[in-house]
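Reproduced below: final_35.pdb, with PDB, C-alpha atoms.
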ATOM      1  CA  MET A   1     -26.555 -21.597 -13.928
ATOM      2  CA  ASN A   2     -24.445 -18.486 -13.329
ATOM      3  CA  GLU A   3     -21.153 -17.949 -15.111
ATOM      4  CA  PRO A   4     -18.404 -19.224 -12.754
ATOM      5  CA  VAL A   5     -16.674 -16.458 -10.818
ATOM      6  CA  ARG A   6     -12.953 -16.078 -11.364
ATOM      7  CA  GLY A   7     -10.759 -15.546  -8.302
ATOM      8  CA  LEU A   8      -7.654 -13.432  -8.124
ATOM      9  CA  VAL A   9      -5.426 -13.349  -5.056
ATOM     10  CA  VAL A  10      -3.362 -10.159  -4.830
ATOM     11  CA  SER A  11      -0.737  -9.902  -2.120
ATOM     12  CA  HIS A  12       2.542  -8.535  -0.919
ATOM     13  CA  ALA A  13       5.601 -10.650  -1.776
ATOM     14  CA  SER A  14       4.827 -14.335  -2.539
ATOM     15  CA  LEU A  15       1.814 -14.946  -0.282
ATOM     16  CA  ALA A  16      -0.681 -15.030  -3.176
ATOM     17  CA  GLU A  17       1.336 -17.602  -5.090
ATOM     18  CA  GLY A  18       1.637 -19.758  -1.970
ATOM     19  CA  LEU A  19      -2.095 -19.622  -1.280
ATOM     20  CA  VAL A  20      -3.026 -20.466  -4.853
ATOM     21  CA  GLN A  21      -0.547 -23.362  -4.947
ATOM     22  CA  SER A  22      -1.990 -24.658  -1.676
ATOM     23  CA  VAL A  23      -5.547 -24.523  -3.037
ATOM     24  CA  ARG A  24      -4.499 -26.416  -6.154
ATOM     25  CA  GLN A  25      -2.714 -29.028  -4.067
ATOM     26  CA  ILE A  26      -5.633 -29.537  -1.676
ATOM     27  CA  ALA A  27      -8.616 -29.109  -3.974
ATOM     28  CA  GLY A  28      -7.107 -29.765  -7.378
ATOM     29  CA  ALA A  29      -8.832 -26.666  -8.681
ATOM     30  CA  ASP A  30      -8.873 -25.675 -12.323
ATOM     31  CA  ALA A  31      -5.844 -23.489 -13.067
ATOM     32  CA  GLY A  32      -8.003 -20.693 -14.439
ATOM     33  CA  ALA A  33     -10.356 -20.568 -11.455
ATOM     34  CA  LEU A  34      -7.896 -18.913  -9.133
ATOM     35  CA  VAL A  35      -4.768 -16.997 -10.053
ATOM     36  CA  ALA A  36      -2.111 -15.106  -8.112
ATOM     37  CA  VAL A  37      -0.679 -11.618  -8.546
ATOM     38  CA  SER A  38       2.100 -10.089  -6.430
ATOM     39  CA  ASN A  39       2.647  -6.379  -5.939
ATOM     40  CA  GLU A  40       6.417  -6.961  -5.902
ATOM     41  CA  GLY A  41       8.164  -4.226  -7.856
ATOM     42  CA  CYS A  42       4.902  -2.708  -9.084
ATOM     43  CA  GLY A  43       3.887   0.910  -8.916
ATOM     44  CA  PRO A  44       0.155   1.654  -8.562
ATOM     45  CA  GLU A  45      -0.508   1.807 -12.297
ATOM     46  CA  ALA A  46       1.403  -1.376 -13.101
ATOM     47  CA  LEU A  47      -0.377  -3.254 -10.322
ATOM     48  CA  GLN A  48      -3.766  -2.047 -11.511
ATOM     49  CA  ARG A  49      -2.882  -3.164 -15.037
ATOM     50  CA  ASN A  50      -1.741  -6.606 -13.846
ATOM     51  CA  VAL A  51      -4.901  -7.106 -11.785
ATOM     52  CA  LEU A  52      -7.137  -6.068 -14.662
ATOM     53  CA  GLN A  53      -5.327  -8.345 -17.081
ATOM     54  CA  ALA A  54      -5.460 -11.329 -14.723
ATOM     55  CA  LEU A  55      -9.170 -10.826 -14.054
ATOM     56  CA  GLY A  56     -10.206 -10.973 -17.684
ATOM     57  CA  ASP A  57     -13.878 -10.639 -18.564
ATOM     58  CA  GLY A  58     -16.808 -11.873 -16.540
ATOM     59  CA  PRO A  59     -17.506 -11.881 -12.832
ATOM     60  CA  GLY A  60     -14.549 -11.918 -10.475
ATOM     61  CA  ILE A  61     -13.487 -11.596  -6.878
ATOM     62  CA  VAL A  62     -10.202  -9.978  -5.950
ATOM     63  CA  PHE A  63      -8.902 -11.362  -2.670
ATOM     64  CA  THR A  64      -6.282  -9.203  -0.939
ATOM     65  CA  ASP A  65      -4.028  -9.899   2.031
ATOM     66  CA  LEU A  66      -4.476  -6.631   3.917
ATOM     67  CA  PRO A  67      -7.509  -4.352   4.032
ATOM     68  CA  SER A  68      -5.094  -1.443   3.664
ATOM     69  CA  GLY A  69      -2.240  -1.189   1.243
ATOM     70  CA  SER A  70      -1.544  -1.063  -2.433
ATOM     71  CA  CYS A  71      -3.206  -4.418  -3.214
ATOM     72  CA  ALA A  72      -6.521  -3.453  -1.618
ATOM     73  CA  PHE A  73      -6.304   0.003  -3.148
ATOM     74  CA  ALA A  74      -5.853  -1.380  -6.672
ATOM     75  CA  ALA A  75      -8.685  -3.888  -6.136
ATOM     76  CA  ARG A  76     -11.135  -1.348  -4.746
ATOM     77  CA  LYS A  77     -10.352   1.161  -7.474
ATOM     78  CA  LEU A  78     -11.042  -1.499 -10.074
ATOM     79  CA  SER A  79     -14.283  -2.603  -8.422
ATOM     80  CA  LEU A  80     -15.598   0.950  -8.683
ATOM     81  CA  GLU A  81     -15.215   0.687 -12.443
ATOM     82  CA  ARG A  82     -16.492  -2.886 -12.852
ATOM     83  CA  GLU A  83     -19.893  -3.885 -11.531
ATOM     84  CA  ASP A  84     -19.137  -7.579 -11.625
ATOM     85  CA  THR A  85     -15.921  -7.361  -9.603
ATOM     86  CA  ALA A  86     -16.029  -7.771  -5.842
ATOM     87  CA  VAL A  87     -13.238  -7.328  -3.279
ATOM     88  CA  VAL A  88     -12.604  -9.483  -0.217
ATOM     89  CA  CYS A  89      -9.784  -8.394   2.114
ATOM     90  CA  GLY A  90      -7.958 -10.511   4.686
ATOM     91  CA  VAL A  91      -7.814 -13.622   2.505
ATOM     92  CA  ASN A  92      -7.132 -17.011   4.086
ATOM     93  CA  LEU A  93      -6.867 -20.578   2.853
ATOM     94  CA  PRO A  94     -10.236 -21.897   4.156
ATOM     95  CA  MET A  95     -11.981 -19.064   2.349
ATOM     96  CA  LEU A  96     -10.233 -19.886  -0.929
ATOM     97  CA  LEU A  97     -10.974 -23.597  -0.628
ATOM     98  CA  ASP A  98     -14.643 -22.766  -0.192
ATOM     99  CA  PHE A  99     -14.494 -20.394  -3.144
ATOM    100  CA  VAL A 100     -13.305 -22.960  -5.678
ATOM    101  CA  PHE A 101     -16.284 -25.205  -4.892
ATOM    102  CA  HIS A 102     -18.938 -22.457  -5.045
ATOM    103  CA  ARG A 103     -17.979 -20.361  -8.041
ATOM    104  CA  GLU A 104     -21.440 -20.669  -9.603
ATOM    105  CA  LEU A 105     -23.179 -18.781  -6.813
ATOM    106  CA  PRO A 106     -24.387 -15.239  -7.523
ATOM    107  CA  LEU A 107     -21.589 -12.792  -6.677
ATOM    108  CA  PRO A 108     -23.213 -11.054  -3.648
ATOM    109  CA  GLU A 109     -24.173 -14.385  -2.096
ATOM    110  CA  LEU A 110     -20.719 -15.806  -2.714
ATOM    111  CA  VAL A 111     -18.978 -12.821  -1.144
ATOM    112  CA  ASP A 112     -21.113 -13.050   2.014
ATOM    113  CA  ARG A 113     -20.447 -16.756   2.208
ATOM    114  CA  LEU A 114     -16.673 -16.387   1.833
ATOM    115  CA  VAL A 115     -16.362 -13.612   4.399
ATOM    116  CA  SER A 116     -18.311 -15.723   6.852
ATOM    117  CA  LYS A 117     -16.213 -18.816   6.059
ATOM    118  CA  GLY A 118     -12.961 -16.883   6.417
ATOM    119  CA  LYS A 119     -13.953 -15.436   9.788
ATOM    120  CA  SER A 120     -15.281 -18.690  11.220
ATOM    121  CA  SER A 121     -12.051 -20.478  10.284
ATOM    122  CA  ILE A 122     -10.008 -18.377  12.669
ATOM    123  CA  THR A 123      -9.960 -19.997  16.069
ATOM    124  CA  GLY A 124      -7.757 -19.850  19.134
ATOM    125  CA  GLN A 125      -7.013 -22.421  21.772
ATOM    126  CA  CYS A 126      -4.913 -22.240  24.877
ATOM    127  CA  ARG A 127      -4.939 -24.536  27.911
ATOM    128  CA  GLU A 128      -5.878 -22.778  31.114
ATOM    129  CA  GLY A 129      -2.764 -22.017  33.141
ATOM    130  CA  ALA A 130      -0.397 -22.635  30.256
ATOM    131  CA  HIS A 131       2.697 -20.437  30.554
ATOM    132  CA  ALA A 132       1.117 -18.632  33.498
ATOM    133  CA  ASP A 133       4.600 -17.588  34.618
ATOM    134  CA  ARG A 134       4.890 -15.423  31.504
ATOM    135  CA  ALA A 135       2.311 -13.066  32.968
ATOM    136  CA  VAL A 136       4.529 -12.353  35.983
ATOM    137  CA  SER A 137       6.583  -9.289  35.337
ATOM    138  CA  GLY A 138      10.159  -9.180  36.497
TER     139      GLY A 138
ATOM    140  CA  MET B   1       6.587  16.965  17.822
ATOM    141  CA  PRO B   2       7.853  17.676  14.307
ATOM    142  CA  ILE B   3       6.993  15.864  11.144
ATOM    143  CA  VAL B   4       8.039  12.285  11.923
ATOM    144  CA  LEU B   5       8.341  11.299   8.267
ATOM    145  CA  PHE B   6       8.288  13.211   4.987
ATOM    146  CA  ARG B   7       8.189  10.529   2.327
ATOM    147  CA  VAL B   8       8.187  10.275  -1.446
ATOM    148  CA  ASP B   9       6.213   7.144  -2.291
ATOM    149  CA  GLU B  10       4.072   6.699  -5.393
ATOM    150  CA  ARG B  11       1.716   4.342  -3.550
ATOM    151  CA  LEU B  12       1.050   7.067  -0.946
ATOM    152  CA  ILE B  13      -0.996   5.415   1.833
ATOM    153  CA  HIS B  14      -0.143   1.700   1.847
ATOM    154  CA  GLY B  15       1.117  -1.118   4.061
ATOM    155  CA  GLN B  16       4.759  -0.045   4.380
ATOM    156  CA  VAL B  17       3.760   3.458   5.378
ATOM    157  CA  VAL B  18       0.875   2.621   7.711
ATOM    158  CA  VAL B  19       2.355  -0.485   9.353
ATOM    159  CA  GLY B  20       6.113  -0.334   8.667
ATOM    160  CA  TRP B  21       6.660   3.329   9.514
ATOM    161  CA  GLY B  22       3.430   4.450  11.200
ATOM    162  CA  GLY B  23       3.753   1.845  13.975
ATOM    163  CA  PRO B  24       7.321   2.491  15.171
ATOM    164  CA  LEU B  25       6.940   6.256  14.738
ATOM    165  CA  HIS B  26       3.582   6.325  16.575
ATOM    166  CA  ALA B  27       2.154   8.556  13.881
ATOM    167  CA  ASP B  28      -1.326   9.883  14.533
ATOM    168  CA  ARG B  29      -1.871  11.836  11.330
ATOM    169  CA  ILE B  30      -1.097  11.201   7.658
ATOM    170  CA  VAL B  31      -1.092  14.144   5.287
ATOM    171  CA  VAL B  32      -1.218  13.437   1.561
ATOM    172  CA  ALA B  33      -0.004  16.416  -0.452
ATOM    173  CA  ASP B  34      -1.327  15.906  -3.965
ATOM    174  CA  ASP B  35      -3.294  18.254  -6.212
ATOM    175  CA  GLU B  36      -5.162  15.472  -7.999
ATOM    176  CA  ILE B  37      -6.308  13.623  -4.873
ATOM    177  CA  ALA B  38      -7.124  16.857  -3.035
ATOM    178  CA  ALA B  39      -9.734  17.434  -5.760
ATOM    179  CA  SER B  40     -11.098  13.891  -5.799
ATOM    180  CA  PRO B  41     -13.390  12.941  -2.868
ATOM    181  CA  TRP B  42     -13.834   9.351  -4.082
ATOM    182  CA  GLU B  43     -10.082   8.749  -4.226
ATOM    183  CA  GLN B  44      -9.739  10.222  -0.728
ATOM    184  CA  GLU B  45     -12.436   7.838   0.456
ATOM    185  CA  LEU B  46     -10.575   4.939  -1.109
ATOM    186  CA  TYR B  47      -7.295   5.900   0.564
ATOM    187  CA  CYS B  48      -9.062   6.349   3.920
ATOM    188  CA  LEU B  49     -10.136   2.688   3.837
ATOM    189  CA  GLY B  50      -6.478   1.836   4.379
ATOM    190  CA  VAL B  51      -6.016   4.060   7.401
ATOM    191  CA  PRO B  52      -6.454   2.574  10.886
ATOM    192  CA  PRO B  53      -8.878   4.407  13.203
ATOM    193  CA  GLU B  54      -6.129   5.783  15.465
ATOM    194  CA  ILE B  55      -4.645   7.745  12.561
ATOM    195  CA  ASP B  56      -6.466  10.517  10.784
ATOM    196  CA  ALA B  57      -5.848  11.299   7.141
ATOM    197  CA  VAL B  58      -5.782  14.749   5.591
ATOM    198  CA  PHE B  59      -5.603  15.536   1.873
ATOM    199  CA  VAL B  60      -4.208  18.885   0.774
ATOM    200  CA  THR B  61      -2.921  20.548  -2.360
ATOM    201  CA  VAL B  62       0.824  21.022  -2.760
ATOM    202  CA  ASP B  63       0.516  24.787  -2.186
ATOM    203  CA  GLU B  64      -1.431  24.211   1.019
ATOM    204  CA  ALA B  65       1.158  21.685   2.177
ATOM    205  CA  ARG B  66       3.948  24.218   1.702
ATOM    206  CA  ARG B  67       1.992  26.812   3.696
ATOM    207  CA  ARG B  68       1.168  24.418   6.525
ATOM    208  CA  ILE B  69       4.525  22.646   6.954
ATOM    209  CA  SER B  70       5.503  24.923   9.867
ATOM    210  CA  GLU B  71       2.154  24.210  11.561
ATOM    211  CA  TRP B  72       2.745  20.438  11.257
ATOM    212  CA  LYS B  73       6.269  20.769  12.631
ATOM    213  CA  GLY B  74       4.837  21.873  15.948
ATOM    214  CA  GLY B  75       1.743  19.714  16.186
ATOM    215  CA  ARG B  76       0.878  16.048  16.174
ATOM    216  CA  ARG B  77       3.049  13.168  14.975
ATOM    217  CA  VAL B  78       2.607  13.678  11.273
ATOM    218  CA  ILE B  79       3.623  11.642   8.239
ATOM    219  CA  VAL B  80       3.576  13.710   5.044
ATOM    220  CA  LEU B  81       3.362  11.811   1.748
ATOM    221  CA  VAL B  82       3.953  12.931  -1.815
ATOM    222  CA  ARG B  83       3.832  10.703  -4.873
ATOM    223  CA  ASP B  84       6.963  11.850  -6.714
ATOM    224  CA  VAL B  85      10.172  13.845  -6.565
ATOM    225  CA  ALA B  86       8.721  16.754  -8.536
ATOM    226  CA  THR B  87       5.995  17.204  -5.920
ATOM    227  CA  ALA B  88       8.533  17.030  -3.088
ATOM    228  CA  ARG B  89      10.527  19.753  -4.819
ATOM    229  CA  ARG B  90       7.408  21.935  -5.050
ATOM    230  CA  VAL B  91       6.715  21.491  -1.335
ATOM    231  CA  ALA B  92      10.345  22.353  -0.533
ATOM    232  CA  GLU B  93      10.234  25.661  -2.425
ATOM    233  CA  GLY B  94      11.265  28.667  -0.347
ATOM    234  CA  GLY B  95      12.998  26.470   2.227
ATOM    235  CA  ALA B  96       9.770  24.981   3.630
ATOM    236  CA  LEU B  97      11.548  21.688   4.334
ATOM    237  CA  ALA B  98      14.764  23.170   5.739
ATOM    238  CA  GLY B  99      15.932  21.075   8.667
ATOM    239  CA  GLU B 100      13.648  18.165   7.748
ATOM    240  CA  GLU B 101      14.541  14.769   6.353
ATOM    241  CA  VAL B 102      13.111  13.830   2.976
ATOM    242  CA  ASN B 103      12.748  10.061   2.700
ATOM    243  CA  LEU B 104      12.655   8.415  -0.722
ATOM    244  CA  GLY B 105      10.596   5.326  -0.137
ATOM    245  CA  GLY B 106       9.101   3.841  -3.237
ATOM    246  CA  ILE B 107       9.204   4.772  -6.884
ATOM    247  CA  HIS B 108       8.888   1.709  -9.041
ATOM    248  CA  HIS B 109      10.043   0.830 -12.495
ATOM    249  CA  ALA B 110       8.389   2.643 -15.387
ATOM    250  CA  GLU B 111       9.463   3.657 -18.857
ATOM    251  CA  GLY B 112      12.156   6.331 -18.768
ATOM    252  CA  ARG B 113      13.143   5.666 -15.160
ATOM    253  CA  THR B 114      16.518   4.271 -14.106
ATOM    254  CA  ARG B 115      16.920   1.814 -11.247
ATOM    255  CA  VAL B 116      18.885   3.298  -8.370
ATOM    256  CA  LEU B 117      17.829   0.860  -5.654
ATOM    257  CA  PRO B 118      15.425  -2.091  -5.832
ATOM    258  CA  TYR B 119      12.607   0.148  -4.589
ATOM    259  CA  LEU B 120      13.753   3.388  -6.171
ATOM    260  CA  HIS B 121      13.732   4.333  -9.850
ATOM    261  CA  LEU B 122      14.471   7.898 -10.867
ATOM    262  CA  GLY B 123      13.336   9.662 -14.019
ATOM    263  CA  PRO B 124      15.020  12.396 -16.023
ATOM    264  CA  GLY B 125      15.209  15.535 -13.924
ATOM    265  CA  ASP B 126      14.706  13.763 -10.605
ATOM    266  CA  GLY B 127      18.404  13.950  -9.705
ATOM    267  CA  ASP B 128      18.499  17.720 -10.204
ATOM    268  CA  ALA B 129      15.252  18.141  -8.284
ATOM    269  CA  LEU B 130      16.667  16.140  -5.362
ATOM    270  CA  ARG B 131      19.816  18.277  -5.344
ATOM    271  CA  GLU B 132      17.575  21.371  -5.241
ATOM    272  CA  ILE B 133      15.709  19.963  -2.246
ATOM    273  CA  ALA B 134      19.011  19.258  -0.492
ATOM    274  CA  ALA B 135      20.283  22.744  -1.312
ATOM    275  CA  SER B 136      17.175  24.209   0.330
ATOM    276  CA  GLY B 137      18.314  22.735   3.650
ATOM    277  CA  ALA B 138      16.645  19.315   3.781
ATOM    278  CA  GLU B 139      18.517  16.034   4.261
ATOM    279  CA  VAL B 140      17.628  13.697   1.402
ATOM    280  CA  SER B 141      18.050   9.943   1.691
ATOM    281  CA  ALA B 142      16.415   6.688   0.615
ATOM    282  CA  ARG B 143      15.140   3.949   2.901
ATOM    283  CA  ASP B 144      12.094   1.766   2.267
ATOM    284  CA  LEU B 145      11.629   0.593   5.869
ATOM    285  CA  PRO B 146      13.021   1.697   9.251
ATOM    286  CA  ALA B 147      15.173  -1.423   9.580
ATOM    287  CA  THR B 148      16.934  -1.077   6.228
ATOM    288  CA  ARG B 149      20.025   0.978   5.480
ATOM    289  CA  LYS B 150      19.632   4.668   4.881
ATOM    290  CA  VAL B 151      21.239   5.629   1.578
ATOM    291  CA  MET B 152      22.284   9.271   1.420
ATOM    292  CA  LEU B 153      21.721  11.430  -1.651
ATOM    293  CA  ASP B 154      25.395  11.594  -2.691
ATOM    294  CA  GLU B 155      25.570   7.819  -2.806
ATOM    295  CA  LEU B 156      22.275   7.598  -4.667
ATOM    296  CA  LEU B 157      23.418   9.936  -7.387
ATOM    297  CA  ALA B 158      27.032   8.769  -7.512
ATOM    298  CA  GLY B 159      26.352   6.606 -10.563
ATOM    299  CA  GLY B 160      24.808   9.419 -12.575
TER     300      GLY B 160
END
Please express what this file holds, its structure, as structure tokens.
Amino acid sequence: MNEPVRGLVVSHASLAEGLVQSVRQIAGADAGALVAVSNEGCGPEALQRNVLQALGDGPGIVFTDLPSGSCAFAARKLSLEREDTAVVCGVNLPMLLDFVFHRELPLPELVDRLVSKGKSSITGQCREGAHADRAVSG
Amino acid sequence: MPIVLFRVDERLIHGQVVVGWGGPLHADRIVVADDEIAASPWEQELYCLGVPPEIDAVFVTVDEARRRISEWKGGRRVIVLVRDVATARRVAEGGALAGEEVNLGGIHHAEGRTRVLPYLHLGPGDGDALREIAASGAEVSARDLPATRKVMLDELLAGG
């Protein structure tokens, strides 16, 4: 069995904390399996340091809110230096819920799975004709 | 169109710049003036991952930035980024930024820096460097996002 992958959610403001709390509430995940880091008040070096410290040793995935921005930059920079650290951008709750139940998968397989899960969880629904008047310009 | 934003921000290309400023200003080019990154292709590649396809990113040395400021003033809608006050002062040498606004957007807490605003911490020598930039003809102010209050240099330095 592979060593369980540790997850780190890095975000602007308090989004990461909210996502991690939600995962714990829904899935009851082990506190060490998924942790949150905010970029609030951090310069690039401080954020990099916080991410590194929160990741610890062993395989890890850094989930970031935006594909651009300081969080993704810190994560990608770190992943260049650590072979067993992957980065997934555009984090959402379904993806994290799937993560906590599949942490033993090999890292490349897990990353593919989570990206697919995250994308497939985004759906849209709108009844035909709903608010049709909004399309009429004044 | 002139330079739409000349910004001091230690994170350089990041969400606030690309989304917060780049959107409302309709920027189509981001120039990063930084000697270290200009010499580091892998760091440039990393920064480019955060740039949307409608904006192109250019990485130049500080000397090149100073030489090309007048070219950028007359060209596309350009955002110029530097990581610290000392670099901004170097770009401003010889009056290169005369008539431009210099925006202080994000310098975070670190040892030896003093908090001036929640998003702005200045180190020893930064105040003098900012006064030099202002004396060269640029308007210096702090504002993290377009919707927040612009804080002029005199107010910023009033405490020190």
Can you check which residues of chain B have any atom within 8 Å of chain A? Use only C-alpha atoms and format it as a JSON list (two decimals) with C-alpha atoms, in the frame of the given file.
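In the end it all went to out.json:
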[["chain", "number", "residue", "atom", "x", "y", "z"],
["B", 10, "GLU", "CA", 4.07, 6.70, -5.39],
["B", 11, "ARG", "CA", 1.72, 4.34, -3.55],
["B", 13, "ILE", "CA", -1.00, 5.42, 1.83],
["B", 14, "HIS", "CA", -0.14, 1.70, 1.85],
["B", 15, "GLY", "CA", 1.12, -1.12, 4.06],
["B", 16, "GLN", "CA", 4.76, -0.04, 4.38],
["B", 46, "LEU", "CA", -10.58, 4.94, -1.11],
["B", 47, "TYR", "CA", -7.30, 5.90, 0.56],
["B", 49, "LEU", "CA", -10.14, 2.69, 3.84],
["B", 50, "GLY", "CA", -6.48, 1.84, 4.38],
["B", 51, "VAL", "CA", -6.02, 4.06, 7.40],
["B", 107, "ILE", "CA", 9.20, 4.77, -6.88],
["B", 108, "HIS", "CA", 8.89, 1.71, -9.04],
["B", 109, "HIS", "CA", 10.04, 0.83, -12.50],
["B", 118, "PRO", "CA", 15.42, -2.09, -5.83],
["B", 119, "TYR", "CA", 12.61, 0.15, -4.59]]
- Item | Pick from B:Val32, B:Val91, B:Ala96, B:Leu117 nearest to Lys73 of chain B, counting all atoms listed in the file |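 Under the stated criterion, the closest residue is B:Ala96.
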- Task: Fewer than 3 positions away in the same chain doesn't count, so skip those; otherwise give me all residues within 12 Å of Leu96 of chain A, counting only C-alpha atoms, as a PyMOL selection string.
- Result: chain A and resi 6-9+16+18-24+26-27+29+33-36+61-64+88-93+99-103+110-111+113-118+121
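Proximity to Thr61 of chain B was assessed for B:Glu45, B:Glu36, B:Glu93, B:Glu139 counting all atoms listed in the file; the smallest distance is recorded for B:Glu36.
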- Item | Between atom CA of Val116 of chain B and atom CA of Ile133 of chain B, distance in Å (one decimal) | 18.0 Å
- Message: Could you list, as a VMD selection string, every residue within 12 Å of Arg68 of chain B, counting all atoms listed in the file and ignoring same-chain residues fewer than 5 positions away?
- Response: chain B and resid 3 31 33 58 60 to 63 73 to 75 78 80 91 to 92 96 to 97
- Message: Please report the interatomic distance between atom CA of Pro108 of chain A and atom CA of Ser79 of chain A in Å with one decimal.
- Response: 13.2 Å
